[in-house]
>>> print(open('work25.txt').read())   # compact mmCIF, C-alpha atoms
# COMPACT_ATOMS: atom_id res chain seq x y z
CA MET S 1 90.50 156.55 301.87
CA LEU S 2 86.81 156.52 302.85
CA THR S 3 85.99 158.26 299.57
CA LEU S 4 88.01 155.65 297.71
CA ALA S 5 86.21 152.88 299.60
CA LEU S 6 82.79 154.27 298.67
CA SER S 7 83.89 154.66 295.07
CA SER S 8 85.16 151.07 294.98
CA VAL S 9 81.85 149.73 296.29
CA ARG S 10 79.89 151.75 293.71
CA ARG S 11 82.13 150.85 290.77
CA ARG S 12 82.45 147.13 291.40
CA PRO S 13 79.54 145.99 293.58
CA GLY S 14 79.78 142.43 292.26
CA ARG S 15 82.89 141.65 294.31
CA PHE S 16 80.98 142.43 297.51
CA VAL S 17 77.85 140.35 296.83
CA SER S 18 78.93 137.40 298.98
CA THR S 19 79.93 139.66 301.87
CA LEU S 20 76.67 141.59 301.55
CA LEU S 21 74.67 138.35 301.64
CA ALA S 22 76.51 137.14 304.73
CA ALA S 23 76.00 140.50 306.48
CA PHE S 24 72.32 140.57 305.51
CA LEU S 25 71.55 137.07 306.80
CA GLY S 26 73.64 137.57 309.92
CA ALA S 27 72.00 140.86 310.82
CA ALA S 28 68.53 139.44 310.13
CA ILE S 29 69.08 136.49 312.48
CA VAL S 30 70.71 138.54 315.24
CA MET S 31 68.01 141.24 315.04
CA ALA S 32 65.15 138.73 314.98
CA PHE S 33 66.31 136.91 318.10
CA SER S 34 67.56 140.01 319.92
CA SER S 35 64.12 141.54 319.46
CA LEU S 36 62.87 138.84 321.85
CA HIS S 37 64.65 140.84 324.58
CA ASP S 38 62.54 143.86 323.57
CA THR S 39 59.44 141.67 323.70
CA ALA S 40 60.38 140.20 327.11
CA GLY S 41 60.86 143.69 328.54
CA ALA S 42 57.53 145.05 327.31
CA ASP S 43 54.76 145.98 329.75
CA GLY S 44 52.39 143.21 330.77
CA VAL S 45 54.68 140.26 329.94
CA ASP S 46 54.60 137.62 332.70
CA ASP S 47 57.77 136.19 334.24
CA VAL S 48 57.50 132.75 332.61
CA SER S 49 57.09 134.24 329.12
CA ALA S 50 59.89 136.71 329.73
CA GLU S 51 62.23 133.90 330.86
CA THR S 52 61.44 131.81 327.77
CA LEU S 53 62.05 134.73 325.43
CA GLY S 54 65.21 135.79 327.25
CA ILE S 55 66.79 132.32 327.20
CA THR S 56 66.13 131.85 323.50
CA ALA S 57 67.41 135.32 322.64
CA GLY S 58 70.56 134.87 324.71
CA VAL S 59 71.53 131.42 323.46
CA VAL S 60 70.77 131.92 319.78
CA GLY S 61 72.03 135.51 319.84
CA GLY S 62 75.41 134.28 321.06
CA TYR S 63 75.61 131.61 318.37
CA GLY S 64 74.46 134.12 315.76
CA SER S 65 77.09 136.67 316.70
CA LEU S 66 79.90 134.12 316.35
CA LEU S 67 78.57 132.80 313.07
CA VAL S 68 78.18 136.32 311.66
CA PHE S 69 81.87 136.93 312.27
CA PHE S 70 82.93 133.61 310.72
CA ALA S 71 80.66 134.06 307.69
CA VAL S 72 81.78 137.62 306.99
CA ALA S 73 85.41 136.74 307.67
CA SER S 74 85.38 133.82 305.23
CA THR S 75 83.99 135.95 302.39
CA LEU S 76 86.23 138.94 303.07
CA THR S 77 89.34 136.76 303.23
CA VAL S 78 88.65 135.38 299.76
CA THR S 79 87.81 138.86 298.42
CA VAL S 80 91.07 140.37 299.74
CA ARG S 81 93.05 137.43 298.34
CA GLN S 82 91.50 137.97 294.91
CA ARG S 83 92.45 141.66 295.03
CA ALA S 84 96.12 141.03 295.84
CA GLY S 85 97.21 142.42 292.47
CA GLU S 86 95.09 145.54 292.81
CA LEU S 87 96.33 146.24 296.34
CA GLU S 88 99.93 145.72 295.26
CA LEU S 89 99.41 148.18 292.40
CA LEU S 90 98.13 150.77 294.87
CA ARG S 91 101.20 150.13 297.02
CA SER S 92 103.48 150.74 294.04
CA ALA S 93 101.56 153.97 293.33
CA GLY S 94 102.45 155.31 296.77
CA ALA S 95 99.67 154.08 299.05
CA THR S 96 100.85 153.13 302.53
CA PRO S 97 99.81 149.91 304.31
CA ALA S 98 97.75 151.96 306.75
CA GLN S 99 95.89 153.65 303.87
CA LEU S 100 95.13 150.31 302.24
CA THR S 101 93.88 148.95 305.56
CA ARG S 102 91.56 151.94 306.00
CA MET S 103 90.25 151.51 302.45
CA VAL S 104 89.42 147.82 302.85
CA VAL S 105 87.98 148.33 306.33
CA GLY S 106 85.91 151.24 305.03
CA GLU S 107 84.54 149.07 302.21
CA ALA S 108 83.61 146.36 304.69
CA ALA S 109 81.92 148.86 307.00
CA VAL S 110 79.82 150.25 304.14
CA VAL S 111 78.81 146.79 302.93
CA GLY S 112 78.04 145.64 306.48
CA LEU S 113 75.84 148.64 307.23
CA VAL S 114 73.98 148.27 303.92
CA GLY S 115 73.37 144.57 304.64
CA ALA S 116 72.20 145.31 308.18
CA ALA S 117 69.86 148.09 307.03
CA ALA S 118 68.31 145.80 304.42
CA ALA S 119 67.75 143.14 307.09
CA VAL S 120 65.52 145.28 309.35
CA GLY S 121 62.27 144.34 307.62
CA PRO S 122 62.91 140.57 307.39
CA ALA S 123 64.19 140.59 310.99
CA ALA S 124 60.99 142.20 312.28
CA LEU S 125 58.92 139.63 310.39
CA GLY S 126 61.08 136.77 311.65
CA GLY S 127 60.78 137.96 315.25
CA ARG S 128 56.99 138.12 314.94
CA LEU S 129 56.90 134.57 313.57
CA LEU S 130 59.06 133.35 316.46
CA VAL S 131 56.72 134.87 319.05
CA GLU S 132 53.72 133.31 317.28
CA ARG S 133 55.49 129.93 317.38
CA PHE S 134 56.07 130.30 321.12
CA ARG S 135 52.44 131.23 321.66
CA ASP S 136 51.17 128.26 319.65
CA SER S 137 53.34 125.83 321.66
CA GLY S 138 52.22 127.30 324.99
CA GLN S 139 55.68 128.54 325.95
CA VAL S 140 54.54 132.17 325.91
CA ALA S 141 51.23 133.62 327.03
CA GLY S 142 48.68 134.20 324.30
CA ASP S 143 48.47 137.94 324.92
CA VAL S 144 52.21 138.58 324.38
CA GLY S 145 52.82 140.63 321.24
CA HIS S 146 56.09 141.00 319.40
CA VAL S 147 58.10 144.19 319.93
CA PHE S 148 60.94 145.20 317.64
CA GLY S 149 62.81 147.83 319.61
CA PRO S 150 66.25 149.33 320.19
CA ILE S 151 67.84 146.14 321.56
CA GLY S 152 67.08 144.19 318.39
CA LEU S 153 68.05 147.04 316.08
CA MET S 154 71.27 148.03 317.81
CA SER S 155 72.37 144.42 318.38
CA GLY S 156 72.08 143.57 314.70
CA MET S 157 73.73 146.77 313.53
CA GLY S 158 76.51 146.60 316.11
CA VAL S 159 77.36 142.92 315.65
CA THR S 160 77.38 143.18 311.86
CA LEU S 161 79.49 146.34 311.83
CA LEU S 162 82.01 144.94 314.32
CA ALA S 163 82.21 141.64 312.44
CA SER S 164 82.72 143.38 309.10
CA VAL S 165 85.36 145.80 310.36
CA GLY S 166 87.21 143.21 312.43
CA ALA S 167 87.19 140.58 309.69
CA ALA S 168 88.36 143.10 307.09
CA PHE S 169 91.20 144.26 309.33
CA LEU S 170 92.38 140.70 309.90
CA ALA S 171 92.02 139.80 306.21
CA VAL S 172 94.07 142.73 304.94
CA ARG S 173 96.75 142.19 307.59
CA ARG S 174 96.96 138.55 306.57
CA GLY S 175 97.16 139.49 302.91
CA ARG S 176 99.98 141.96 303.59
CA GLY S 177 101.90 139.29 305.48
CA ARG S 178 101.64 136.87 302.56
CA SER S 179 102.62 139.49 299.98
CA ALA S 180 105.67 140.45 302.02
CA GLY S 181 106.79 136.84 302.19
CA ALA S 182 106.62 136.79 305.97
CA ARG S 183 105.23 133.87 307.83
CA ALA S 184 101.74 134.78 308.92
CA PRO S 185 101.28 134.56 312.69
CA ARG S 186 97.81 133.23 311.99
CA GLY S 187 99.26 129.72 311.57
CA ARG S 188 100.58 129.72 315.12
CA VAL S 189 97.43 131.32 316.48
CA ARG S 190 95.25 128.79 314.66
CA THR S 191 97.34 125.90 315.99
CA VAL S 192 97.11 127.11 319.59
CA ALA S 193 93.38 127.81 319.23
CA GLY S 194 92.84 124.38 317.70
CA VAL S 195 94.66 122.61 320.52
CA VAL S 196 92.75 124.57 323.15
CA ALA S 197 89.43 123.76 321.44
CA LEU S 198 90.26 120.03 321.25
CA VAL S 199 91.33 119.87 324.90
CA ALA S 200 88.29 121.85 326.08
CA GLY S 201 85.99 119.75 323.91
CA ALA S 202 87.39 116.49 325.29
CA ALA S 203 87.01 117.83 328.84
CA GLY S 204 83.41 118.83 328.14
CA VAL S 205 82.55 115.42 326.72
CA CYS S 206 84.15 113.63 329.68
CA THR S 207 82.21 115.85 332.10
CA THR S 208 79.02 114.20 330.84
CA PHE S 209 79.90 111.01 332.76
CA ALA S 210 80.03 112.97 336.02
CA LEU S 211 76.38 114.07 335.77
CA ASP S 212 73.21 112.24 336.70
CA ALA S 213 70.89 110.94 333.98
CA THR S 214 68.08 113.27 335.13
CA GLU S 215 70.29 116.35 335.41
CA PRO S 216 68.69 119.18 333.38
CA ALA S 217 72.12 120.37 332.19
CA LEU S 218 73.19 116.91 330.98
CA MET S 219 73.00 117.89 327.32
CA ALA S 220 75.10 121.06 327.72
CA PRO S 221 78.62 119.59 328.25
CA ALA S 222 78.13 116.93 325.57
CA ALA S 223 76.78 119.41 323.01
CA TYR S 224 79.37 122.09 323.70
CA GLY S 225 82.10 119.44 323.76
CA SER S 226 81.09 118.31 320.26
CA ILE S 227 81.05 121.90 319.04
CA LEU S 228 84.52 122.58 320.46
CA LEU S 229 85.87 119.36 318.96
CA ALA S 230 84.45 120.35 315.59
CA LEU S 231 86.07 123.77 315.91
CA GLY S 232 89.37 122.16 316.83
CA LEU S 233 89.30 119.80 313.86
CA ALA S 234 88.30 122.69 311.60
CA SER S 235 91.29 124.69 312.82
CA PHE S 236 93.61 121.95 311.58
CA SER S 237 91.84 121.63 308.22
CA PRO S 238 94.85 122.83 306.13
CA VAL S 239 97.08 120.14 307.68
CA LEU S 240 94.39 117.53 307.23
CA LEU S 241 93.88 118.47 303.61
CA ARG S 242 97.57 118.01 302.85
CA ALA S 243 97.49 114.52 304.34
CA LEU S 244 94.05 113.09 303.60
CA PRO S 245 93.89 113.38 299.78
CA ALA S 246 96.78 110.92 299.62
CA ARG S 247 94.69 108.44 301.64
CA LEU S 248 91.63 109.18 299.51
CA GLN S 249 93.50 109.03 296.21
CA PRO S 250 91.64 105.90 294.99
CA LEU S 251 88.28 107.65 295.43
CA PRO S 252 88.74 110.58 293.02
CA GLY S 253 91.01 108.45 290.84
CA ALA S 254 88.31 105.82 290.38
CA LEU S 255 85.71 108.42 289.50
CA GLY S 256 87.76 110.78 287.40
CA GLY S 257 90.96 109.06 286.32
CA ALA S 258 93.56 111.72 285.53
CA ALA S 259 91.09 114.41 286.62
CA GLY S 260 90.81 112.74 290.02
CA GLU S 261 94.57 112.57 290.44
CA LEU S 262 94.82 116.24 289.49
CA ALA S 263 92.10 117.04 292.03
CA ALA S 264 94.03 115.34 294.84
CA HIS S 265 97.21 117.17 293.79
CA ASN S 266 95.33 120.51 293.72
CA LEU S 267 93.97 119.97 297.21
CA ARG S 268 97.42 119.27 298.61
CA GLN S 269 98.91 122.34 296.92
CA ARG S 270 95.96 124.61 297.74
CA ALA S 271 95.25 123.32 301.23
CA ALA S 272 95.06 126.79 302.80
CA GLN S 273 92.46 127.98 300.27
CA ALA S 274 90.45 124.74 300.30
CA SER S 275 90.33 124.77 304.11
CA GLY S 276 87.88 127.66 303.83
CA VAL S 277 85.44 125.13 302.36
CA LEU S 278 86.30 122.28 304.73
CA MET S 279 85.80 124.35 307.89
CA PRO S 280 82.04 125.02 307.44
CA LEU S 281 81.56 121.40 306.34
CA ILE S 282 83.06 120.07 309.58
CA LEU S 283 81.17 122.58 311.73
CA PHE S 284 77.85 121.95 310.02
CA THR S 285 78.10 118.15 310.14
CA GLY S 286 79.36 118.00 313.71
CA MET S 287 76.95 120.49 315.24
CA ALA S 288 73.87 119.30 313.36
CA THR S 289 74.55 115.60 314.01
CA ALA S 290 75.21 116.04 317.73
CA THR S 291 72.34 118.43 318.46
CA LEU S 292 69.63 116.68 316.44
CA TYR S 293 70.45 113.18 317.71
CA MET S 294 70.76 114.38 321.33
CA GLN S 295 67.34 115.95 321.07
CA ALA S 296 65.97 112.70 319.59
CA ALA S 297 67.51 110.72 322.45
CA GLU S 298 66.02 113.13 324.99
CA SER S 299 62.55 112.80 323.42
CA ASP S 300 62.87 108.99 323.43
CA ALA S 301 63.87 108.97 327.10
CA ARG S 302 60.95 111.16 328.09
CA ALA S 303 58.50 109.08 326.07
CA ALA S 304 59.80 105.88 327.68
CA SER S 305 59.37 107.32 331.18
CA GLY S 306 55.85 108.52 330.44
CA LEU S 307 56.60 112.09 331.49
CA VAL S 308 54.85 115.03 329.84
CA LYS S 309 57.06 117.78 328.46
CA SER S 310 57.25 120.79 330.73
CA VAL S 311 57.72 124.37 329.60
CA ASP S 312 61.45 124.04 330.27
CA ASP S 313 61.59 120.89 328.15
CA LYS S 314 59.80 122.65 325.30
CA ASN S 315 62.14 125.62 325.64
CA LEU S 316 65.18 123.34 325.41
CA GLU S 317 63.79 121.54 322.36
CA THR S 318 62.93 124.82 320.64
CA VAL S 319 66.36 126.30 321.34
CA ASN S 320 68.10 123.16 320.05
CA LEU S 321 66.12 123.09 316.82
CA VAL S 322 66.48 126.83 316.26
CA VAL S 323 70.23 126.69 316.92
CA VAL S 324 70.56 123.91 314.35
CA GLY S 325 68.56 126.01 311.89
CA VAL S 326 70.85 128.99 312.44
CA ILE S 327 73.91 126.77 312.04
CA VAL S 328 72.52 125.26 308.84
CA ALA S 329 71.81 128.69 307.36
CA PHE S 330 75.18 130.18 308.17
CA CYS S 331 77.30 127.16 307.36
CA CYS S 332 75.54 126.88 304.01
CA VAL S 333 76.16 130.58 303.37
CA MET S 334 79.83 130.21 304.33
CA LEU S 335 80.15 127.07 302.23
CA VAL S 336 78.44 128.47 299.15
CA ASN S 337 80.26 131.80 299.35
CA SER S 338 83.66 130.15 299.85
CA LEU S 339 83.10 127.67 297.03
CA TYR S 340 81.77 130.25 294.62
CA ALA S 341 84.53 132.76 295.31
CA ALA S 342 87.31 130.16 295.30
CA THR S 343 86.09 128.50 292.09
CA SER S 344 85.49 131.76 290.19
CA TYR S 345 88.93 132.93 291.34
CA ARG S 346 90.46 129.97 289.49
CA GLY S 347 89.18 131.07 286.08
CA ARG S 348 92.71 131.66 284.80
CA GLU S 349 93.81 128.24 286.01
CA PHE S 350 90.91 126.57 284.20
CA ALA S 351 91.68 128.54 281.03
CA GLN S 352 95.29 127.33 281.15
CA GLN S 353 94.08 123.75 281.48
CA ARG S 354 91.89 124.24 278.40
CA LEU S 355 94.88 125.63 276.46
CA CYS S 356 96.85 122.53 277.43
CA GLY S 357 94.17 120.36 275.85
CA ALA S 358 91.72 119.69 278.68
CA THR S 359 88.08 119.44 277.67
CA PRO S 360 85.26 121.18 279.59
CA GLY S 361 84.19 117.77 280.88
CA GLN S 362 87.64 117.08 282.28
CA VAL S 363 87.70 120.44 284.05
CA LEU S 364 84.27 119.70 285.53
CA ARG S 365 85.38 116.25 286.65
CA THR S 366 88.41 117.78 288.36
CA VAL S 367 86.25 120.27 290.26
CA GLY S 368 83.74 117.55 291.08
CA ALA S 369 86.47 115.22 292.39
CA GLU S 370 87.85 118.04 294.57
CA GLY S 371 84.39 118.66 295.95
CA LEU S 372 83.92 114.95 296.61
CA VAL S 373 87.16 114.71 298.59
CA LEU S 374 86.21 117.80 300.59
CA LEU S 375 82.73 116.40 301.20
CA VAL S 376 83.97 112.99 302.39
CA THR S 377 86.65 114.57 304.58
CA GLY S 378 84.30 117.15 306.12
CA VAL S 379 81.50 114.65 306.76
CA PHE S 380 83.91 112.12 308.29
CA LEU S 381 85.54 114.61 310.67
CA GLY S 382 82.25 116.32 311.52
CA THR S 383 80.57 113.00 312.25
CA ALA S 384 83.47 112.01 314.49
CA ALA S 385 83.09 115.24 316.47
CA GLY S 386 79.33 114.73 316.75
CA LEU S 387 79.64 111.12 317.91
CA ALA S 388 82.23 112.13 320.50
CA GLY S 389 79.53 114.05 322.35
CA LEU S 390 76.51 111.95 321.37
CA VAL S 391 77.77 108.57 322.62
CA PRO S 392 78.58 109.72 326.20
CA TYR S 393 75.24 111.53 326.39
CA CYS S 394 73.29 108.45 325.27
CA LEU S 395 75.21 106.17 327.63
CA VAL S 396 74.34 108.36 330.62
CA ARG S 397 70.79 109.31 329.57
CA ALA S 398 69.51 106.04 328.08
CA ASP S 399 72.17 103.43 328.93
CA ARG S 400 72.86 102.79 325.25
CA ALA S 401 75.52 104.01 322.84
CA LEU S 402 73.21 105.51 320.22
CA PRO S 403 69.61 106.81 320.19
CA GLN S 404 66.73 104.83 318.74
CA ALA S 405 66.54 107.20 315.78
CA GLY S 406 68.05 105.54 312.73
CA PRO S 407 70.46 106.96 310.17
CA GLY S 408 67.79 109.18 308.63
CA ILE S 409 68.89 112.33 310.48
CA TRP S 410 72.53 111.80 309.54
CA LEU S 411 71.65 111.08 305.91
CA GLY S 412 69.64 114.31 305.82
CA VAL S 413 72.64 116.26 307.17
CA VAL S 414 74.93 114.65 304.60
CA ALA S 415 72.46 115.36 301.80
CA VAL S 416 72.39 119.09 302.64
CA ALA S 417 76.19 119.17 302.79
CA ALA S 418 76.48 117.31 299.47
CA VAL S 419 74.06 119.58 297.65
CA ALA S 420 75.75 122.73 298.96
CA THR S 421 79.23 121.45 298.09
CA LEU S 422 78.83 119.72 294.74
CA VAL S 423 76.09 121.86 293.20
CA THR S 424 77.87 125.12 294.02
CA GLY S 425 81.30 123.97 292.83
CA LEU S 426 80.06 122.43 289.59
CA GLY S 427 77.57 125.21 288.97
>>> encode(input="work25.txt", output="structure tokens")
Amino acid sequence: MLTLALSSVRRRPGRFVSTLLAAFLGAAIVMAFSSLHDTAGADGVDDVSAETLGITAGVVGGYGSLLVFFAVASTLTVTVRQRAGELELLRSAGATPAQLTRMVVGEAAVVGLVGAAAAVGPAALGGRLLVERFRDSGQVAGDVGHVFGPIGLMSGMGVTLLASVGAAFLAVRRGRGRSAGARAPRGRVRTVAGVVALVAGAAGVCTTFALDATEPALMAPAAYGSILLALGLASFSPVLLRALPARLQPLPGALGGAAGELAAHNLRQRAAQASGVLMPLILFTGMATATLYMQAAESDARAASGLVKSVDDKNLETVNLVVVGVIVAFCCVMLVNSLYAATSYRGREFAQQRLCGATPGQVLRTVGAEGLVLLVTGVFLGTAAGLAGLVPYCLVRADRALPQAGPGIWLGVVAVAAVATLVTGLG
């Protein structure tokens, strides 16, 4: 089966482009930040510099590892779904479920390793730029040089390989369950995970009120609470998609007429597939809104008190901004990959609509209306998750519900989400 996997990758590399891109970006980010551990452990690095590098590497490395898995999993799930006919043909030819699993997992392992190997050079460059940024801001001593060593290399390779293999295994198991007509246990697992995330997120947000305004860890429970709430809402995205288009029916209907009504119907019928697009939208909007506005509120509070930023304050600001950058990159990759794969997969459906008399413009309006409903739904739920953590933080830190920063940050987040969603789907 490994030979068949290698042959499949060589014969049809196009089907693995999205997975390769996700693996490449994930490995590059994980390697770049994990290399800060190599730099911190080098000879001659002082304790303050080593602590700064270690904190950044640990926090962002953890986020990166999770996002690598989600990004690779989202692309592999769509790829396996598109190959349902091919896998069923192999089953009818005598291949066992275990053999098919080994083939798909082998393909994912090959693609993951290729993506990780290609990311070594960009990761080394990115790590060097990060160290230079720390030196320029005074968070790291000027004589500290970047080191790209075994920790960075093995972390990127290991995380990418595990994410690829694990995601492929889950995707093919899920695909087998659907083809056999059995109810996939993933629905129950997702429901339980969603409930746990919502409860934990609410508890984290409420914990903010128990802390003092000057507590250094004040931002942590509010930020993590928002993230968990966003994850919980994202877990219920298929259910939400079946219910919300009916409430938003006037929106696509007003813009697209019959095409808008068809878009709402499509979203209800294809809720499970469309949820792959809604999930990164909710995560991106919620995480970016909460983190950026909390950092703005923290900067306003420090400026009002007349305090000068310490090294710890600079470290926290840097980590927050870098985490948002990582989230933006991965959520955009997940969003673009999911939209591209899901839309290209519907080529036969669009052709049937054309045969029934639909014009190219009507097909485009249908896709655009679907994207608009997804965008409005994702932004609304993501903003709600972000505000759930932001408001308690601002009340405790600055005795006001919202920071002084206006809607500009939120509009920027929405603009990125809109471009990624509508341009990819229509394109």
>>> closest_residue(input="work25.txt", among="S:Leu422, S:Ala234, S:Ala301, S:Ile55", to="Phe380 in chain S", atoms="all atoms listed in the file")
S:Ala234
>>> atom_distance(input="work25.txt", atom1="CA of Ala213 in chain S", atom2="CA of Ala200 in chain S")
22.0 Å
>>> atom_distance(input="work25.txt", atom1="CA of Ile282 in chain S", atom2="CA of Tyr224 in chain S")
14.7 Å
>>> residues_around(input="work25.txt", residues="Ala384 in chain S", least_positions_apart="5", cutoff="10 Å", atoms="all atoms listed in the file", output="PyMOL selection string")
chain S and resi 226+229-230+233+282+285-286+289-290+378-379+389-390
>>> write_last_selection(input="work25.txt", atoms="C-alpha atoms", output="mmCIF file, in the frame of the given file")
data_model
loop_
_atom_site.group_PDB
_atom_site.id
_atom_site.type_symbol
_atom_site.label_atom_id
_atom_site.label_comp_id
_atom_site.auth_asym_id
_atom_site.auth_seq_id
_atom_site.Cartn_x
_atom_site.Cartn_y
_atom_site.Cartn_z
ATOM 1 C CA SER S 226 81.090 118.310 320.260
ATOM 2 C CA LEU S 229 85.870 119.360 318.960
ATOM 3 C CA ALA S 230 84.450 120.350 315.590
ATOM 4 C CA LEU S 233 89.300 119.800 313.860
ATOM 5 C CA ILE S 282 83.060 120.070 309.580
ATOM 6 C CA THR S 285 78.100 118.150 310.140
ATOM 7 C CA GLY S 286 79.360 118.000 313.710
ATOM 8 C CA THR S 289 74.550 115.600 314.010
ATOM 9 C CA ALA S 290 75.210 116.040 317.730
ATOM 10 C CA GLY S 378 84.300 117.150 306.120
ATOM 11 C CA VAL S 379 81.500 114.650 306.760
ATOM 12 C CA GLY S 389 79.530 114.050 322.350
ATOM 13 C CA LEU S 390 76.510 111.950 321.370
#
>>> axis_aligned_box(input="work25.txt", around="range 52-63 of chain S", padding_each_side="3 Å", output="JSON")
{"center_x": 68.5, "center_y": 133.6, "center_z": 323.1, "size_x": 20.2, "size_y": 10.4, "size_z": 15.4}
>>> closest_residue(input="work25.txt", among="S:Glu88, S:Ser137, S:Leu20, S:Val414", to="Lys309 in chain S", atoms="only C-alpha atoms")
S:Ser137
>>> build_atoms(input="work25.txt", residues="range 34-47 of chain S", atoms="N, CA, C and O atoms", output="short mmCIF file (atom, residue, chain, number, x, y, z; two decimals), in the frame of the given file")
data_model
loop_
_atom_site.label_atom_id
_atom_site.label_comp_id
_atom_site.auth_asym_id
_atom_site.auth_seq_id
_atom_site.Cartn_x
_atom_site.Cartn_y
_atom_site.Cartn_z
N SER S 34 67.34 138.96 318.91
CA SER S 34 67.56 140.01 319.92
C SER S 34 66.28 140.78 320.20
O SER S 34 66.11 141.31 321.31
N SER S 35 65.39 140.85 319.22
CA SER S 35 64.12 141.54 319.46
C SER S 35 63.27 140.82 320.50
O SER S 35 62.34 141.40 321.06
N LEU S 36 63.58 139.55 320.78
CA LEU S 36 62.87 138.84 321.85
C LEU S 36 63.18 139.47 323.20
O LEU S 36 62.36 139.38 324.13
N HIS S 37 64.37 140.09 323.35
CA HIS S 37 64.65 140.84 324.58
C HIS S 37 63.72 142.05 324.68
O HIS S 37 63.23 142.37 325.78
N ASP S 38 63.50 142.74 323.56
CA ASP S 38 62.54 143.86 323.57
C ASP S 38 61.15 143.37 323.95
O ASP S 38 60.43 144.02 324.72
N THR S 39 60.77 142.22 323.39
CA THR S 39 59.44 141.67 323.70
C THR S 39 59.34 141.27 325.17
O THR S 39 58.33 141.52 325.82
N ALA S 40 60.41 140.64 325.70
CA ALA S 40 60.38 140.20 327.11
C ALA S 40 60.30 141.39 328.06
O ALA S 40 59.73 141.27 329.16
N GLY S 41 60.87 142.52 327.67
CA GLY S 41 60.86 143.69 328.54
C GLY S 41 59.66 144.59 328.38
O GLY S 41 59.58 145.64 329.05
N ALA S 42 58.71 144.22 327.53
CA ALA S 42 57.53 145.05 327.31
C ALA S 42 56.59 144.96 328.51
O ALA S 42 56.64 144.02 329.31
N ASP S 43 55.73 145.95 328.65
CA ASP S 43 54.76 145.98 329.75
C ASP S 43 53.76 144.84 329.61
O ASP S 43 53.29 144.52 328.51
N GLY S 44 53.41 144.24 330.75
CA GLY S 44 52.39 143.21 330.77
C GLY S 44 52.86 141.81 330.46
O GLY S 44 52.05 140.88 330.44
N VAL S 45 54.17 141.60 330.23
CA VAL S 45 54.68 140.26 329.94
C VAL S 45 54.98 139.55 331.26
O VAL S 45 55.72 140.07 332.10
N ASP S 46 54.41 138.36 331.45
CA ASP S 46 54.60 137.62 332.70
C ASP S 46 56.02 137.07 332.79
O ASP S 46 56.75 137.01 331.79
N ASP S 47 56.38 136.63 333.98
CA ASP S 47 57.77 136.19 334.24
C ASP S 47 58.14 134.94 333.43
O ASP S 47 59.27 134.83 332.94
#
